[in-house]
Structures are given as structure tokens and as C-alpha cells.
$ cat input02.cif   # mmCIF, C-alpha atoms
data_query
loop_
_atom_site.label_atom_id
_atom_site.label_comp_id
_atom_site.auth_asym_id
_atom_site.auth_seq_id
_atom_site.Cartn_x
_atom_site.Cartn_y
_atom_site.Cartn_z
CA MET P 185 0.00 0.00 0.00
CA LEU P 186 2.89 2.36 0.87
CA TYR P 187 4.45 1.96 -2.58
CA ILE P 188 1.11 2.60 -4.29
CA LEU P 189 0.89 5.93 -2.45
CA VAL P 190 4.52 6.70 -3.34
CA ALA P 191 3.83 5.97 -7.03
CA ILE P 192 0.72 8.16 -7.08
CA LEU P 193 2.58 10.98 -5.33
CA MET P 194 5.49 10.56 -7.75
CA PHE P 195 3.25 10.97 -10.79
CA GLY P 196 1.43 13.88 -9.18
CA ILE P 197 4.66 15.77 -8.47
CA LEU P 198 6.07 15.17 -11.96
CA ILE P 199 2.88 16.37 -13.65
CA ALA P 200 2.68 19.36 -11.31
CA PHE P 201 6.28 20.27 -12.23
CA HIS P 202 5.35 19.93 -15.90
CA GLU P 203 2.43 22.31 -15.48
CA PHE P 204 4.57 24.71 -13.47
CA GLY P 205 6.87 24.89 -16.49
CA HIS P 206 3.93 26.03 -18.62
CA PHE P 207 2.82 28.46 -15.90
CA PHE P 208 6.24 30.06 -15.42
CA ALA P 209 6.78 30.47 -19.17
CA ALA P 210 3.26 31.88 -19.63
CA LYS P 211 3.83 34.51 -16.94
CA LEU P 212 7.23 35.30 -18.44
CA CYS P 213 5.65 35.84 -21.86
CA GLY P 214 2.79 37.96 -20.51
CA VAL P 215 0.03 35.42 -21.19
CA LYS P 216 -3.03 35.68 -18.96
CA VAL P 217 -3.29 32.63 -16.67
CA ASN P 218 -6.77 32.15 -15.21
CA GLU P 219 -5.88 29.35 -12.80
CA PHE P 220 -2.85 27.37 -11.71
CA ALA P 221 -3.81 24.24 -9.78
CA ILE P 222 -1.84 21.61 -7.91
CA GLY P 223 -3.82 18.38 -7.85
CA MET P 224 -7.06 17.55 -9.61
CA GLY P 225 -10.69 17.10 -8.64
CA PRO P 226 -12.60 18.92 -5.88
CA LEU P 227 -11.22 22.24 -4.67
CA LEU P 228 -9.62 22.27 -1.20
CA LEU P 229 -7.98 25.69 -0.99
CA HIS P 230 -7.74 28.62 -3.34
CA ARG P 231 -6.47 32.18 -3.37
CA GLN P 232 -6.89 34.91 -5.96
CA LYS P 233 -3.73 36.88 -6.59
CA GLY P 234 -4.06 39.42 -9.36
CA GLU P 235 -5.66 37.83 -12.41
CA THR P 236 -4.71 34.26 -11.43
CA GLU P 237 -6.45 31.89 -9.06
CA TYR P 238 -4.04 29.57 -7.25
CA SER P 239 -5.71 26.38 -6.05
CA LEU P 240 -5.00 23.15 -4.23
CA ARG P 241 -7.23 20.23 -5.20
CA LEU P 242 -8.07 16.95 -3.52
CA LEU P 243 -6.49 14.33 -5.80
CA PRO P 244 -2.65 14.38 -5.85
CA ILE P 245 -2.47 13.29 -9.48
CA GLY P 246 -1.02 16.32 -11.22
CA GLY P 247 -2.34 19.80 -11.85
CA PHE P 248 -3.10 22.22 -14.64
CA CYS P 249 -2.32 25.68 -15.97
CA ALA P 250 -5.48 27.23 -17.46
CA MET P 251 -4.47 30.00 -19.89
CA GLU P 252 -6.93 32.45 -21.42
CA GLY P 253 -8.25 31.18 -24.77
CA GLU P 254 -6.30 27.91 -24.64
CA GLU P 255 -9.33 25.60 -24.62
CA GLU P 256 -11.52 27.62 -26.99
CA GLY P 257 -8.72 28.40 -29.43
CA VAL P 258 -10.03 31.98 -29.83
CA SER P 259 -10.26 35.02 -27.56
CA ASP P 260 -10.57 38.78 -27.90
CA ASP P 261 -8.04 39.31 -25.14
CA PRO P 262 -4.66 40.32 -26.67
CA ARG P 263 -2.96 38.49 -23.78
CA ALA P 264 -4.75 35.22 -24.55
CA PHE P 265 -2.55 32.27 -25.46
CA PRO P 266 -3.73 31.99 -29.13
CA ASN P 267 -3.05 35.71 -29.69
CA ARG P 268 0.58 35.70 -28.60
CA PRO P 269 3.47 35.54 -31.12
CA TRP P 270 4.29 32.05 -32.36
CA TYR P 271 7.69 31.93 -30.62
CA GLN P 272 6.11 32.73 -27.24
CA ARG P 273 3.51 29.98 -27.70
CA LEU P 274 6.31 27.58 -28.65
CA ILE P 275 8.30 28.49 -25.53
CA ILE P 276 5.22 27.95 -23.35
CA LEU P 277 4.40 24.58 -24.93
CA LEU P 278 7.96 23.30 -24.60
CA ALA P 279 8.46 24.65 -21.07
CA GLY P 280 6.65 21.67 -19.51
CA VAL P 281 8.86 19.23 -21.41
CA PHE P 282 11.96 21.18 -20.35
CA MET P 283 10.82 21.17 -16.71
CA ASN P 284 10.45 17.37 -16.68
CA PHE P 285 13.89 16.93 -18.26
CA LEU P 286 15.38 19.39 -15.77
CA THR P 287 13.78 17.51 -12.86
CA GLY P 288 15.28 14.21 -14.01
CA PHE P 289 18.68 15.84 -14.61
CA PHE P 290 18.66 17.44 -11.13
CA ILE P 291 17.90 14.09 -9.42
CA ILE P 292 20.76 12.44 -11.33
CA LEU P 293 23.08 15.31 -10.39
CA CYS P 294 22.21 14.92 -6.70
CA PHE P 295 22.96 11.19 -6.77
CA PHE P 296 26.25 11.67 -8.65
CA LEU P 297 27.42 14.51 -6.37
CA PRO P 298 28.89 12.32 -3.56
CA GLN P 299 30.74 9.98 -5.93
CA GLU P 300 34.52 10.21 -5.74
CA ARG P 301 35.22 8.89 -9.24
CA PHE P 302 33.44 8.16 -12.53
CA SER P 303 34.28 5.41 -14.97
CA ALA P 304 35.09 6.75 -18.47
CA PRO P 305 35.15 4.69 -21.72
CA VAL P 306 38.91 5.09 -22.18
CA VAL P 307 41.03 1.91 -22.20
CA THR P 308 43.73 1.66 -19.50
CA GLU P 309 44.50 -2.06 -19.89
CA VAL P 310 43.57 -4.75 -22.42
CA THR P 311 42.86 -7.89 -20.38
CA SER P 312 41.80 -10.21 -23.20
CA PRO P 313 44.58 -11.64 -25.44
CA ALA P 314 42.13 -11.62 -28.38
CA ALA P 315 41.51 -7.90 -27.92
CA GLN P 316 45.20 -6.91 -27.76
CA GLU P 317 45.43 -7.05 -31.54
CA PHE P 318 42.74 -4.37 -31.93
CA LEU P 319 42.71 -2.15 -28.82
CA LEU P 320 45.48 -0.26 -27.04
CA PRO P 321 45.69 1.63 -23.74
CA GLY P 322 44.52 5.21 -24.31
CA ASP P 323 41.87 4.27 -26.90
CA ARG P 324 38.62 6.17 -26.38
CA ILE P 325 35.60 3.99 -27.25
CA LEU P 326 33.42 6.23 -29.45
CA GLU P 327 30.83 3.83 -30.88
CA VAL P 328 29.53 0.28 -30.51
CA ASP P 329 27.55 -0.98 -33.51
CA GLY P 330 27.03 2.62 -34.65
CA HIS P 331 25.72 3.84 -31.27
CA ALA P 332 27.60 6.73 -29.61
CA ILE P 333 29.25 5.81 -26.29
CA TYR P 334 29.04 8.51 -23.62
CA LEU P 335 29.36 6.43 -20.45
CA THR P 336 31.10 3.13 -19.78
CA ALA P 337 27.68 1.57 -19.06
CA ASP P 338 26.66 2.34 -22.66
CA ILE P 339 29.11 -0.29 -23.89
CA GLY P 340 27.32 -3.10 -22.07
CA MET P 341 23.88 -1.75 -23.08
CA PHE P 342 24.65 -1.82 -26.81
CA ILE P 343 26.53 -5.11 -26.63
CA ALA P 344 23.38 -6.64 -25.10
CA ARG P 345 21.20 -5.11 -27.86
CA GLY P 346 23.48 -6.61 -30.50
CA GLY P 347 22.54 -10.13 -29.47
CA ASP P 348 25.76 -11.89 -30.61
CA ASP P 349 29.48 -12.05 -29.80
CA LEU P 350 30.62 -9.77 -32.63
CA VAL P 351 30.43 -5.97 -32.63
CA ASP P 352 31.73 -3.11 -34.75
CA LEU P 353 33.70 -0.53 -32.77
CA GLU P 354 34.93 2.96 -33.46
CA VAL P 355 37.74 4.32 -31.32
CA ARG P 356 39.83 7.46 -31.15
CA ARG P 357 43.57 6.82 -31.02
CA ASP P 358 46.15 9.61 -31.10
CA GLY P 359 43.50 12.05 -32.33
CA LYS P 360 42.35 9.81 -35.22
CA ARG P 361 39.13 7.82 -35.56
CA LEU P 362 39.68 4.13 -36.26
CA GLU P 363 37.12 1.43 -37.11
CA VAL P 364 37.37 -2.08 -35.67
CA ASN P 365 34.94 -4.36 -37.48
CA ASN P 366 33.74 -7.76 -36.25
CA PHE P 367 35.42 -7.40 -32.87
CA ARG P 368 34.94 -10.65 -30.92
CA LEU P 369 33.62 -10.20 -27.40
CA VAL P 370 34.79 -12.05 -24.31
CA GLN P 371 32.45 -14.18 -22.19
CA SER P 372 32.56 -13.05 -18.55
CA GLY P 373 30.08 -15.02 -16.45
CA ASN P 374 26.70 -14.49 -18.11
CA GLU P 375 27.82 -11.33 -19.93
CA LEU P 376 29.75 -10.50 -23.07
CA LYS P 377 32.43 -7.82 -22.65
CA LEU P 378 35.20 -6.10 -24.59
CA GLY P 379 37.91 -7.50 -22.33
CA VAL P 380 39.41 -4.19 -21.21
CA ASN P 381 39.74 -2.04 -18.09
CA VAL P 382 38.82 1.62 -18.28
CA VAL P 383 39.82 4.94 -16.73
CA ALA P 384 38.41 6.25 -13.44
CA GLU P 385 38.06 10.06 -13.50
CA ALA P 386 38.09 12.18 -10.33
CA ASN P 387 34.77 13.89 -9.58
CA THR P 388 35.36 17.54 -10.48
CA PRO P 389 32.46 19.97 -11.13
CA LEU P 390 32.97 19.65 -14.89
CA VAL P 391 33.10 15.83 -14.77
CA LEU P 392 30.00 15.82 -12.53
CA LEU P 393 28.00 17.96 -14.97
CA LYS P 394 29.25 15.97 -17.96
CA ASN P 395 28.31 12.58 -16.50
CA SER P 396 24.94 13.83 -15.23
CA TRP P 397 24.16 15.19 -18.70
CA TYR P 398 25.26 11.95 -20.38
CA GLN P 399 23.09 9.89 -18.01
CA ALA P 400 20.07 12.07 -18.83
CA VAL P 401 20.81 11.74 -22.56
CA ASP P 402 21.06 7.96 -22.13
CA TYR P 403 17.59 7.93 -20.59
CA VAL P 404 16.32 9.85 -23.63
CA ARG P 405 17.97 7.29 -25.93
CA MET P 406 16.43 4.41 -23.99
CA VAL P 407 12.95 5.89 -24.48
CA TRP P 408 13.51 6.44 -28.23
CA MET P 409 14.88 2.91 -28.63
CA SER P 410 11.82 1.52 -26.85
CA LEU P 411 9.54 3.50 -29.17
CA GLY P 412 11.52 2.21 -32.15
CA ASP P 413 11.14 -1.37 -30.91
CA LEU P 414 7.39 -0.81 -30.57
CA ILE P 415 7.07 0.58 -34.12
CA THR P 416 9.15 -2.22 -35.66
CA GLY P 417 7.20 -4.87 -33.78
CA GLN P 418 10.12 -6.09 -31.64
CA VAL P 419 7.90 -5.42 -28.63
CA GLY P 420 4.11 -5.29 -28.38
CA VAL P 421 1.46 -3.79 -26.12
CA ARG P 422 1.96 -6.72 -23.73
CA ASP P 423 5.53 -5.54 -23.18
CA MET P 424 4.46 -1.99 -22.33
CA SER P 425 3.71 -0.81 -18.79
CA GLY P 426 1.08 1.70 -17.76
CA VAL P 427 0.21 3.12 -14.36
CA VAL P 428 -0.48 -0.32 -12.83
CA GLY P 429 2.78 -1.74 -14.15
CA ILE P 430 4.76 1.28 -12.98
CA VAL P 431 3.24 1.05 -9.49
CA ASP P 432 4.33 -2.60 -9.45
CA MET P 433 7.85 -1.59 -10.53
CA VAL P 434 8.02 1.05 -7.80
CA GLY P 435 7.09 -1.63 -5.25
CA ASP P 436 9.72 -4.06 -6.55
CA LEU P 437 12.42 -1.37 -6.65
CA GLY P 438 11.57 -0.23 -3.13
CA GLN P 439 11.77 -3.77 -1.78
CA GLU P 440 15.04 -4.48 -3.61
CA GLY P 441 16.58 -1.24 -2.40
CA ALA P 442 15.49 -1.87 1.17
CA ALA P 443 16.82 -5.46 1.13
CA ALA P 444 20.19 -4.39 -0.33
CA ALA P 445 20.55 -1.57 2.21
CA LYS P 446 19.75 -3.86 5.15
CA LYS P 447 22.29 -6.40 3.87
CA ASN P 448 24.97 -3.70 3.94
CA GLY P 449 23.93 -2.45 7.38
CA LYS P 450 22.33 0.75 6.07
CA SER P 451 18.87 2.28 6.40
CA ALA P 452 16.25 0.21 4.59
CA LEU P 453 14.09 3.31 4.06
CA LEU P 454 17.00 5.23 2.53
CA GLY P 455 17.82 2.28 0.27
CA ALA P 456 14.21 2.06 -0.93
CA LEU P 457 14.00 5.82 -1.55
CA THR P 458 17.28 5.80 -3.49
CA GLU P 459 16.08 3.12 -5.91
CA ILE P 460 12.69 4.79 -6.32
CA LEU P 461 14.21 8.23 -6.96
CA TRP P 462 16.47 6.81 -9.68
CA PHE P 463 13.30 5.47 -11.28
CA VAL P 464 11.60 8.86 -10.82
CA ALA P 465 14.47 10.48 -12.75
CA PHE P 466 13.95 8.03 -15.60
CA ILE P 467 10.17 8.49 -15.61
CA SER P 468 10.53 12.29 -15.54
CA ILE P 469 12.79 12.24 -18.61
CA ASN P 470 10.49 9.64 -20.18
CA LEU P 471 7.58 12.06 -19.77
CA SER P 472 9.56 14.86 -21.42
CA VAL P 473 10.26 12.67 -24.47
CA MET P 474 6.75 11.26 -24.74
CA ASN P 475 5.22 14.73 -24.54
CA LEU P 476 7.20 15.71 -27.64
CA LEU P 477 5.44 13.11 -29.78
CA PRO P 478 3.19 14.71 -32.45
CA ILE P 479 0.00 13.38 -30.87
CA PRO P 480 -2.69 16.11 -30.71
CA ALA P 481 -3.43 15.61 -27.01
CA LEU P 482 0.23 16.17 -26.09
CA ASP P 483 2.49 19.24 -26.19
CA GLY P 484 4.24 17.84 -29.26
CA GLY P 485 0.85 17.59 -31.00
CA GLN P 486 0.12 21.26 -30.29
CA VAL P 487 3.55 22.20 -31.64
CA PHE P 488 2.76 20.15 -34.76
CA LEU P 489 -0.57 21.96 -35.21
CA MET P 490 1.24 25.28 -34.79
CA ALA P 491 3.57 24.26 -37.62
CA VAL P 492 0.61 23.22 -39.80
CA ASN P 493 -1.08 26.57 -39.15
CA GLY P 494 2.13 28.38 -40.02
CA ILE P 495 2.37 26.55 -43.34
CA LEU P 496 -1.32 27.16 -44.15
CA LEU P 497 -0.95 30.84 -43.26
CA ALA P 498 2.04 31.16 -45.58
CA LEU P 499 0.41 29.26 -48.46
CA ARG P 500 -3.28 30.18 -48.17
CA GLY P 501 -3.31 33.28 -45.98
CA ARG P 502 -5.46 31.70 -43.25
CA LYS P 503 -5.15 29.21 -40.40
CA LEU P 504 -6.96 25.96 -39.76
CA ASP P 505 -10.46 26.52 -38.38
CA PRO P 506 -10.30 26.23 -34.55
CA LYS P 507 -13.21 23.78 -34.54
CA TYR P 508 -11.22 21.39 -36.73
CA GLN P 509 -8.27 21.73 -34.40
CA GLY P 510 -10.62 20.84 -31.55
CA TRP P 511 -11.78 17.73 -33.40
CA VAL P 512 -8.21 16.64 -34.10
CA SER P 513 -7.25 17.18 -30.45
CA ALA P 514 -10.31 15.25 -29.26
CA ALA P 515 -9.54 12.37 -31.61
CA GLY P 516 -5.92 12.30 -30.47
CA PHE P 517 -6.98 12.35 -26.83
CA ALA P 518 -9.44 9.49 -27.44
CA CYS P 519 -6.73 7.39 -29.12
CA LEU P 520 -4.33 8.10 -26.26
CA MET P 521 -6.93 7.10 -23.68
CA ALA P 522 -7.69 3.91 -25.63
CA LEU P 523 -4.00 2.98 -25.67
CA MET P 524 -3.68 3.72 -21.94
CA LEU P 525 -6.75 1.57 -21.27
CA ALA P 526 -5.32 -1.30 -23.33
CA VAL P 527 -1.99 -1.10 -21.50
CA THR P 528 -3.74 -0.92 -18.11
CA VAL P 529 -5.85 -4.00 -18.90
CA SER P 530 -2.66 -5.78 -20.01
CA ASP P 531 -0.95 -4.79 -16.75
CA ILE P 532 -3.87 -6.16 -14.69
CA LEU P 533 -3.93 -9.43 -16.65
CA LYS P 534 -0.19 -9.83 -16.09
CA GLN P 535 -0.79 -9.43 -12.35
CA PHE P 536 -2.98 -12.54 -12.53
CA GLY P 537 -0.52 -14.42 -14.75
CA VAL P 538 -2.74 -14.21 -17.84
#
$ encode --input "input02.cif" --output "C-alpha cells"
Amino acid sequence: MLYILVAILMFGILIAFHEFGHFFAAKLCGVKVNEFAIGMGPLLLHRQKGETEYSLRLLPIGGFCAMEGEEEGVSDDPRAFPNRPWYQRLIILLAGVFMNFLTGFFIILCFFLPQERFSAPVVTEVTSPAAQEFLLPGDRILEVDGHAIYLTADIGMFIARGGDDLVDLEVRRDGKRLEVNNFRLVQSGNELKLGVNVVAEANTPLVLLKNSWYQAVDYVRMVWMSLGDLITGQVGVRDMSGVVGIVDMVGDLGQEGAAAAKKNGKSALLGALTEILWFVAFISINLSVMNLLPIPALDGGQVFLMAVNGILLALRGRKLDPKYQGWVSAAGFACLMALMLAVTVSDILKQFGV
């Protein structure tokens, strides 16, 4: 029950941060905001300050930023969202995405801060005799099977995606890029590895920022790869997780973190929170990527419609009728809800082993 509450609160905070991004950008751009709410459902507390009503609502499942003219698509108020310059509307739409990415990045930064050293994908020693012919100390691993390597962990991730014991590498040696094709991997326990040891960098402010940024970028890549696998059919709806599945994951991660912490003589609660917060960072960045998709109900869909309107205005001298935009948005929202329902049903069936 505790982890269910944690998962609900987690989603609520991330969505509230997303909406705060829209709110802050709207105020910055001079757009009239009628209401900024934390939570959804029945009103608990509210206060009018200037033109904006600030409210706290009963259900901790997000929030909203209600801008003048946003729902109707038209308004006579010059400060209404539809009447602002296109670049201001774009900033406001993307501000929520940016806020979710920033939240994930900040959590990663906080976890990396106490680390003394970071592993870097630069070879210090070649431990496999088979690899000595191809790799030398000082080589910087740039790519594995065409995928850019930012962190040492990326090497293992893309080796696993390759699915066999041969990979194509690209390294930088003495300032030159070299290709190593059909490099044979080394079996180490249940894993395939390059057969090298890598550099450990001291944690300086620059190294901290660099590694935090690379970890956030890796999370973005993981989301895009998952979407690609879904489109190509490598995974199906049964492999996706919705709210129910994510709540289950939060519970599993909390239990694993608590058990590991207790085994090492540390606080079980702190261990559980650490694992859950790492997951929160991933989910936050996941939300930022998903919201960029050109689906009408999402921020990316609104940006796409802005682009369509810009093209129509340039070619025909008029925008798309707001009622048609409303229909498109409604259809997109219905499709999104249908997908979420299908994934939720799948999650529930998996709970019962179906």
C-alpha cells in the first residue's frame, strides 16, 4: 500500500512540475493565466492573486495551468494564449517538457554529487589476449555498432542489444578515428564484454555535470529505442507498462533497495527511496520525451498543429479553423486514452498471470 501511495505521489509531483513549467513560461511571456492548480478534482484551498487563481485540489495526481483562450482556441483578449506571437507559444508549450527533463537531470546530479570517481570509456588495460590485436591503452571507445558511447555503461547496453558475440567498434587513437569491425567479445560469467579495463576520472564539477548530462541523454535514448522497438514490432502492447505496471515496478524497486541496504547495514528506508528516486528520474525524462510526440493531445501535438497553421498561413493566408483543431485534439486524446486503457488492462492481466 505504501508503494502505491509513493507511485501516485510521484506521478502527481512530476505532472505538477510539468504544469509549473507552462505556468512560469506563460507569466514570463505575458500570457493571462486564469488558474494554476496543484492536484485535480474537488477544490480544497484557493487564493486569488491578481488575475490568477491559485488552487490546491483533492487528488494528488497532477495539476493544470489554465491559460486564457487555450481551450476555446479563440479570444478577444490580446494576452490570450492563441493571440501571442508564435515563438512565445512555442516556448510555453515546450516549457513543460523542459521542466520534466530538468527535474530528471537534477535528481541524477544529486545522486552523482557524492561519488569520488566516474568510470570513463577510455582503455587503461587490455585484459583479453584476443583484444590486444585491436585495442590499445589510451583508446577512447566512441561507438559500438554505430551507437555513440558517452558512459562506460553504454558499452554493455549496446553489446546486449546486438545479441551476438561480434560488434563493430569505433575508437579514437592519437586524435584519429579508427574502425574495428567484427570485434569478438569475451564471455565473462553471463555477460559479453570487450575484455578491457577503463579509466576512473576524479569527480570535479565539470566531470560531474558531464556525467549527469550523459546519463540524462542515455535515458532519452532508452525511451527512443523503446519507441523504435514498438514501431518495428520487436515489442508489443503486452511488453508496455502503464500506471499499474509502474506502481508494481516502484514496489519491486523499493523492496530491492530496502533489502540491499539492510544487507549492507544501512537504512532500509534510505535504500528504498534511493532506488525509487532513480526510477523517478527516468520516468521524468520519459515524460519529457513522450510529450514531444506529435500526438494532438500532447504538447508535441500542439507544436505540430502550430507548424501546420504556419504553413497554411504562408500558403493560403489563413489558419486551420479552430473547430477542426478541436476535433483533431479530441480524436488524439481518445486514441491516447484507448492505448492507456489497453496497456492498463494488459498490466492487470499480467498481475494474474494471464
$ residues_around --input "input02.cif" --residues "region 387-395 of chain P" --least-positions-apart "6" --cutoff "7 Å" --atoms "all atoms listed in the file" --output "PyMOL selection string"
chain P and resi 296-297+299-302
$ residues_around --input "input02.cif" --residues "region 347-357 of chain P" --least-positions-apart "6" --cutoff "9 Å" --atoms "all atoms listed in the file" --output "PyMOL selection string"
chain P and resi 319-320+322-330+363-371+376-377
$ resolve_selection --input "input02.cif" --expression "the PyMOL selection byres ((chain P and resi 284) around 7)" --output "MDAnalysis selection string"
chainID P and resid 198 201:202 280:283 285:288 468:469 471:472
$ closest_residue --input "input02.cif" --among "P:Pro244, P:Gly455, P:Gly449, P:Gly205" --to "Leu277 (chain P)" --atoms "only C-alpha atoms"
P:Gly205
$ atom_distance --input "input02.cif" --atom1 "CA of Asp402 (chain P)" --atom2 "CA of Ile291 (chain P)"
14.5 Å
$ atom_distance --input "input02.cif" --atom1 "CA of Ala250 (chain P)" --atom2 "CA of Ile430 (chain P)"
28.3 Å
